[in-house]
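Beneath this line is the structure, given in structure tokens, with notes to follow.
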Amino acid sequence: MKKTFSLSMAWLHTWFGLYLGWLLFAVFITGTMAVFEHGITHWMQPEGRLDNTVSQPAVEHQFEVAQAYLQQHAPKEKGSMWMITLPGGAHPGLEVRWRQKGEAHEVRLDPASGEPIELRETEGGAMLTDFHYTLLAGLTGTIIVGLAAVVMMVGLISGIVIHKRIFKDFFTFRRQSSSQRSWLDAHNVSGVLMLPFLLMITYTGLVMQPLVFLPLGLKAVYDNPRALRGDSVQSFEQPYAGTPADMVNIGQLLPQAKEAIGSVEWAVIQNGGDASAVVEFFAGVGGRVAAVADHVAFSAVTGELLGKQTEWRDSGYVFRSFVGLHIAMFGGWTVSWLYFIGGIVSCGLIATGLILFTIKRRKRPENEFGAASARVYRLIEALNVAAVMGSINAILIYFWANRILPIDFAERSDWEVRAFLLTWLVSLVHALIRKPLASWRDQVILALLLCWLLPVYSWLSGQPNLLTFWQKGDGIAFGVEVTILLFGGLLSMAIPKLSSTMQGLPSKRKVRPA
Amino acid sequence: MKASADISLRVLAAFIGGYLLTALANLAWVLSWPGHRADAVYYGTLFPWLIYFAVMIWAFSARSALKVWAVILAVAGGLLSWVALAWYLK
């Protein structure tokens with residue numbers, strides 16, 4: 001297309017990077033949050049906070065109270081599924097779940113008494129995960145994110161082609177040089193540093209949803225796509241009997257279950273209360289890269305062992321390894337933090353790329369849009385602000401809405417999401433009204449205030465805050481809030497640079513004596 | 001050819017042509033897999049994406065946009081006959 005392959009790739013990198021960079025930033029920042037989805041949900045429901053100063057009851061007891069609650073409240077009907085999730089890892093509470101007439105029910109229980117704990121209504125971290133791959137627009141959104149992922153891969157490949165000097169530039173960061181040079185170096189260093197992570201996270205994201213992205217092959221051999229799951233996950237379900245029966249205390253099956261699969265993270269009771277009831281214990285997916293959960297099943301009426309699955313077909317292992325690499329449930333906190341930091345640096349890569357586009361043209365306009373060029377560049381500046389600072393502020397406003405909206409506010413979780421989405425609009429309007437650099441600075445300052453004042457607001461409004469989390473030994477909620485504070489610190493580093501650029505000063509350049 | 005028409009053809013080739021070949025390659029793979037159908041599907045989702053990336057890069061580096069389309073359609077035709085044959089033999 002251009003004279004050389006390299007020039008074509010530079011063109012592709014510039015324009016695909018620009019048009020999809022806006023979307024990719026939002027996808028990457030929410031994906032980064034998704035690493036700590038459960039921790040964020042926990043922080044957003046502070047009523048369910050842990051009190052680690054008192055010892056937790058035995059797991060057997062927790063199963064017993066959860067089972068008792070489900071027997072009272074969940075439907076006893078054909079095909080019913082009751083789920084019990086034990087506290088553990090990033091998932092701090094005892095939770096029971098079931099579906100009734102297509103509606104999902106979820107209740108947090110006090111692990112000692114088995115009484116339900118009233119939690120504020122919120123979608124929590126799950127909303128951010130959902131946005132990450134659906135843009136809250138269902139199938140259409142997923143397809144758009146999928147196309148963005150393909151473009152991301154092409155952006156990475158074309159980036160490598162135009163860059164070439166990967167190893168040399170790895171050690172090149174001319175922070176003191178001209179502003180364009182240092183943005184370029186920051187873009188290059190983060191890209192080179194994160195290249196393996198970026199290739200992995202983008203590729204696995206594409207691979208993990210065959211039913212949406214590559215349905216032709218799947219549907220050619222499976223009339224019902226669910227049968228694919230049946231071919232890899234063994235089922236121990238029993239046909240519904242229709243005769244009520246008393247169930248055993250499933251907590252007493254726990255030693256046997258642990259012997260079979262090692263550890264237990266959650267359990268599912270099928271056809272609860274019926275003679276065909278089956279209880280299945282799952283080991284969780286944290287033990288290895290491949291996201292498969294070993295499981296063992298017992299009759300919930302007789303307590304008889306029905307079977308277990310600790311072996312998986314090779315192709316299942318391979319496929320679920322791709323999934324596991326993306327969702328990062330393995331490796332505990334260490335891996336979660338590496339993914340989180342990797343995600344933040346990747347966001348930096350995308351943001352610096354977007355900024356570079358405008359900085360280059362601020363200096364030397366290229367008239368790429370003919371007579372409208374000046375106006376289009378202006379719009380691009382505004383969209384950059386809205387994509388980068390708008391996304392960051394949207395997430396922070398979502399957190400704030402969680403603390404500001406009264407607990408009994410009607411549809412409060414919907415309003416949290418509306419506040420989240422509306423922030424982008426406000427951010428864009430602001431960026432269109434203000435001069436580009438001023439809008440960057442305003443919105444960075446806003447974000448940093450949102451970060452730093454959040455604990456103060458929680459304290460003033462008498463809600464659980466850093467202090468109470470610390471006193472109760474609730475490391476997860478404490479960690480979420482401290483991370484928000486630290487993120488504010490990261491943002492504050494951008495302000496001196498923005499101010500000096502606004503005053504037209506060259507960024508700190510070393511003047512060499514002639 | 002006008003520049004805008006050239007770019008449009010390339011963008012369509014990259015996104016639609018690229019997906020067409022990716023999906024057909026996936027379908028051909030799954031139908032030709034000799035073993036269990038679950039293995040065919042799981043392994044079959046791993047690699048077709050490479051075709052998508054390659055088509056997209058080529059669509060914007062080739063000399064002529066028309067040539068890109070000609071090759072895409074030719075390869076799609078080849079894959080389709082393969083799919084038809086595999087379907088018939090199944």
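Letters A, B, ... mark the chains of the structure tokens in the order given; residue numbers begin at 1 per chain; ligand numbers begin at 1, in order shown.
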
Next item on the list: Just the residues within 6 Å of region 40-55 of chain B, please, counting only C-alpha atoms, with nothing from its chain fewer than 6 positions along; format it as JSON, numbers by chain.
Entry: {"A": [154, 207, 218, 315, 319], "B": [18, 22, 26, 30, 33]}

Could you write out that same residue set with N, CA and C atoms as a short mmCIF file (atom, residue, chain, number, x, y, z; two decimals), in the first residue's frame?
data_model
loop_
_atom_site.label_atom_id
_atom_site.label_comp_id
_atom_site.auth_asym_id
_atom_site.auth_seq_id
_atom_site.Cartn_x
_atom_site.Cartn_y
_atom_site.Cartn_z
N VAL A 154 -2.86 -7.17 15.68
CA VAL A 154 -2.24 -6.59 14.49
C VAL A 154 -1.42 -5.35 14.89
N VAL A 207 -9.33 -16.70 22.01
CA VAL A 207 -9.52 -18.15 21.95
C VAL A 207 -10.62 -18.61 22.90
N LEU A 218 -17.96 -25.34 15.75
CA LEU A 218 -18.62 -25.97 16.91
C LEU A 218 -19.99 -26.50 16.54
N SER A 315 -7.28 -32.29 25.18
CA SER A 315 -7.68 -31.06 24.48
C SER A 315 -8.37 -30.11 25.45
N PHE A 319 -7.20 -26.34 26.07
CA PHE A 319 -8.13 -25.22 25.90
C PHE A 319 -8.30 -24.45 27.21
N GLY B 18 -10.96 -11.34 6.24
CA GLY B 18 -10.15 -12.01 7.27
C GLY B 18 -11.00 -12.96 8.09
N THR B 22 -10.88 -17.10 8.38
CA THR B 22 -10.69 -17.67 9.73
C THR B 22 -11.79 -18.67 10.06
N ASN B 26 -11.50 -22.76 10.46
CA ASN B 26 -11.98 -23.42 11.67
C ASN B 26 -12.94 -24.56 11.32
N VAL B 30 -12.36 -28.58 11.95
CA VAL B 30 -13.24 -29.38 12.81
C VAL B 30 -13.80 -30.57 12.02
N TRP B 33 -11.08 -33.32 11.37
CA TRP B 33 -10.39 -33.94 12.51
C TRP B 33 -10.77 -35.41 12.62
#

Notebook entry, point to check: Within 10 Å of chain B, which residues of chain A show up when using only C-alpha atoms, listed as an NGL selection string?
Noted result: :A and (1-9 or 11-12 or 147 or 150-155 or 157-158 or 203-204 or 206-211 or 213-222 or 227-232 or 313-320 or 322)

Check: Residues of region 299-492 of chain A in strand (DSSP E or B) according to DSSP, as number ranges by chain?
Finding: A: 299, 305-309

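When CA of Ala277 (chain A) is paired with CA of Val248 (chain A), their separation reads 10.1 Å.
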
Notebook entry, point to check: Mind pulling up the distance from CA of Gln100 (chain A) to CA of Pro75 (chain A)?
Noted result: 6.8 Å

Counting only C-alpha atoms, what is within 6 Å of region 479-490 of chain A, bar same-chain residues fewer than 4 positions away, as an mmCIF file with N, CA and C atoms, in the first residue's frame?
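Saved the output as selection35.cif:
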data_model
loop_
_atom_site.group_PDB
_atom_site.id
_atom_site.type_symbol
_atom_site.label_atom_id
_atom_site.label_comp_id
_atom_site.auth_asym_id
_atom_site.auth_seq_id
_atom_site.Cartn_x
_atom_site.Cartn_y
_atom_site.Cartn_z
ATOM 1 N N LEU A 448 -7.496 12.234 40.808
ATOM 2 C CA LEU A 448 -6.646 12.105 41.982
ATOM 3 C C LEU A 448 -7.394 12.496 43.252
ATOM 4 N N CYS A 451 -9.595 9.609 44.149
ATOM 5 C CA CYS A 451 -8.820 8.538 44.794
ATOM 6 C C CYS A 451 -8.544 8.878 46.251
ATOM 7 N N TRP A 452 -8.054 10.079 46.483
ATOM 8 C CA TRP A 452 -7.561 10.402 47.817
ATOM 9 C C TRP A 452 -8.679 10.727 48.808
ATOM 10 N N GLY A 475 -8.085 -7.744 55.293
ATOM 11 C CA GLY A 475 -7.011 -7.355 54.378
ATOM 12 C C GLY A 475 -7.486 -7.071 52.965
#

Checklist line | Picked from region 207-298 of chain A by DSSP as alpha helix (DSSP H), as a PyMOL selection string | finding: chain A and resi 207+210-213+215-221+226-232+254-261

Would you output that residue set with N, CA and C atoms, as a short mmCIF file (atom, residue, chain, number, x, y, z; two decimals), in the first residue's frame?
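Produced file part.cif, reproduced below:
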data_model
loop_
_atom_site.label_atom_id
_atom_site.label_comp_id
_atom_site.auth_asym_id
_atom_site.auth_seq_id
_atom_site.Cartn_x
_atom_site.Cartn_y
_atom_site.Cartn_z
N VAL A 207 -9.33 -16.70 22.01
CA VAL A 207 -9.52 -18.15 21.95
C VAL A 207 -10.62 -18.61 22.90
N PRO A 210 -15.11 -19.70 21.94
CA PRO A 210 -15.35 -20.27 20.61
C PRO A 210 -16.81 -20.17 20.17
N LEU A 211 -17.72 -20.29 21.12
CA LEU A 211 -19.14 -20.29 20.73
C LEU A 211 -19.55 -18.95 20.14
N VAL A 212 -18.94 -17.86 20.61
CA VAL A 212 -19.28 -16.54 20.07
C VAL A 212 -18.44 -16.22 18.84
N PHE A 213 -17.13 -16.49 18.92
CA PHE A 213 -16.24 -16.02 17.86
C PHE A 213 -16.10 -17.00 16.70
N PRO A 215 -18.35 -19.92 15.86
CA PRO A 215 -19.45 -20.88 16.09
C PRO A 215 -19.60 -21.91 14.97
N LEU A 216 -19.09 -21.63 13.78
CA LEU A 216 -19.35 -22.53 12.65
C LEU A 216 -18.84 -23.94 12.91
N GLY A 217 -17.58 -24.03 13.32
CA GLY A 217 -16.98 -25.34 13.56
C GLY A 217 -17.72 -26.07 14.67
N LEU A 218 -17.96 -25.34 15.75
CA LEU A 218 -18.62 -25.97 16.91
C LEU A 218 -19.99 -26.50 16.54
N LYS A 219 -20.76 -25.67 15.83
CA LYS A 219 -22.13 -26.07 15.52
C LYS A 219 -22.20 -27.13 14.43
N ALA A 220 -21.09 -27.27 13.69
CA ALA A 220 -21.09 -28.30 12.64
C ALA A 220 -21.08 -29.69 13.25
N VAL A 221 -20.48 -29.84 14.45
CA VAL A 221 -20.41 -31.18 15.04
C VAL A 221 -21.27 -31.31 16.30
N ARG A 226 -24.11 -27.21 24.28
CA ARG A 226 -23.86 -27.63 25.66
C ARG A 226 -23.25 -29.02 25.73
N ALA A 227 -23.49 -29.80 24.68
CA ALA A 227 -22.97 -31.16 24.68
C ALA A 227 -21.44 -31.15 24.68
N LEU A 228 -20.84 -30.06 24.22
CA LEU A 228 -19.38 -29.95 24.24
C LEU A 228 -18.89 -30.02 25.68
N ARG A 229 -19.58 -29.29 26.55
CA ARG A 229 -19.25 -29.32 27.96
C ARG A 229 -19.42 -30.74 28.52
N GLY A 230 -20.54 -31.37 28.09
CA GLY A 230 -20.81 -32.73 28.54
C GLY A 230 -19.71 -33.70 28.13
N ASP A 231 -19.05 -33.42 26.99
CA ASP A 231 -17.98 -34.30 26.53
C ASP A 231 -16.70 -34.13 27.33
N SER A 232 -16.60 -33.03 28.08
CA SER A 232 -15.36 -32.84 28.83
C SER A 232 -15.58 -32.89 30.34
N LEU A 254 -17.54 -34.12 53.90
CA LEU A 254 -16.38 -33.32 53.55
C LEU A 254 -15.03 -34.07 53.63
N PRO A 255 -14.77 -34.83 54.74
CA PRO A 255 -13.48 -35.53 54.80
C PRO A 255 -13.29 -36.46 53.60
N GLN A 256 -14.37 -37.15 53.23
CA GLN A 256 -14.30 -38.07 52.08
C GLN A 256 -14.04 -37.29 50.79
N ALA A 257 -14.71 -36.13 50.66
CA ALA A 257 -14.54 -35.31 49.46
C ALA A 257 -13.11 -34.81 49.37
N LYS A 258 -12.57 -34.37 50.50
CA LYS A 258 -11.20 -33.86 50.49
C LYS A 258 -10.21 -34.95 50.13
N GLU A 259 -10.50 -36.15 50.59
CA GLU A 259 -9.61 -37.25 50.27
C GLU A 259 -9.61 -37.49 48.75
N ALA A 260 -10.78 -37.32 48.14
CA ALA A 260 -10.91 -37.61 46.71
C ALA A 260 -10.29 -36.52 45.84
N ILE A 261 -10.49 -35.24 46.18
CA ILE A 261 -10.05 -34.18 45.26
C ILE A 261 -9.09 -33.16 45.90
#

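The smallest atom-to-atom distance between Lys67 (chain B) and any of B:Val83, B:Ile16, B:Leu9, B:Leu21, using only C-alpha atoms, is found for B:Leu9.
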
Next item on the list: Give me the residues within 6 Å of region 343-347 of chain A as a PyMOL selection string, counting only C-alpha atoms and dropping any in the same chain fewer than 4 places off.
Entry: chain A and resi 25+32+339

Deliver the residues from the most recent selection as a file, using N, CA and C atoms, as an mmCIF file, in the first residue's frame.
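Ended up saving to again_7.cif:
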data_model
loop_
_atom_site.group_PDB
_atom_site.id
_atom_site.type_symbol
_atom_site.label_atom_id
_atom_site.label_comp_id
_atom_site.auth_asym_id
_atom_site.auth_seq_id
_atom_site.Cartn_x
_atom_site.Cartn_y
_atom_site.Cartn_z
ATOM 1 N N PHE A 25 -8.466 0.958 25.452
ATOM 2 C CA PHE A 25 -8.105 1.454 26.777
ATOM 3 C C PHE A 25 -9.182 1.072 27.789
ATOM 4 N N THR A 32 -8.173 -5.038 33.825
ATOM 5 C CA THR A 32 -7.221 -4.957 34.942
ATOM 6 C C THR A 32 -7.967 -5.014 36.274
ATOM 7 N N TYR A 339 -0.529 -9.719 37.181
ATOM 8 C CA TYR A 339 -1.488 -9.409 36.116
ATOM 9 C C TYR A 339 -1.989 -7.983 36.264
#

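Using only C-alpha atoms, the contacts of Tyr88 (chain B) at a cut-off of 12 Å, with sequence neighbours closer than 6 positions omitted, comprise B:Leu31, B:Ser32, B:Ser81, B:Trp82.
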
Take the residues from that selection and write them out as a PDB file, in the first residue's frame, keeping C-alpha atoms.
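Contents of selection.pdb, freshly written:
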ATOM      1  CA  LEU B  31     -14.810 -31.400   9.978  1.00  0.00           C
ATOM      2  CA  SER B  32     -11.498 -33.007   8.989  1.00  0.00           C
ATOM      3  CA  SER B  81     -14.688 -27.135  -1.455  1.00  0.00           C
ATOM      4  CA  TRP B  82     -12.620 -28.733   1.272  1.00  0.00           C
TER       5      TRP B  82
END

Check: To one decimal place, how far is CA of Val429 (chain A) from CA of Ala386 (chain A) in Å?
Finding: 8.5 Å

For Arg418 (chain A): contacts at 12 Å, only C-alpha atoms, fewer than 4 positions along chain excluded, given as a short mmCIF file (atom, residue, chain, number, x, y, z; two decimals) with C-alpha atoms, in the first residue's frame:
data_model
loop_
_atom_site.label_atom_id
_atom_site.label_comp_id
_atom_site.auth_asym_id
_atom_site.auth_seq_id
_atom_site.Cartn_x
_atom_site.Cartn_y
_atom_site.Cartn_z
CA GLU A 123 -23.18 -5.36 40.88
CA MET A 127 -19.97 -5.20 36.42
CA LEU A 136 -22.63 -4.08 28.80
CA ALA A 394 -15.87 6.35 35.37
CA ILE A 395 -14.51 3.53 37.53
CA ILE A 397 -17.25 7.49 40.16
CA TYR A 398 -18.70 3.96 40.20
CA ALA A 401 -21.66 6.09 43.83
CA ASN A 402 -21.43 2.90 45.84
CA GLU A 411 -32.58 0.52 42.05
CA ARG A 412 -29.33 1.63 43.59
CA SER A 413 -27.19 -0.86 41.66
CA ASP A 414 -28.64 0.42 38.38
CA LEU A 422 -22.54 8.94 32.39
CA THR A 423 -19.01 9.86 33.50
CA TRP A 424 -17.71 9.16 29.98
CA LEU A 425 -20.22 11.55 28.50
#
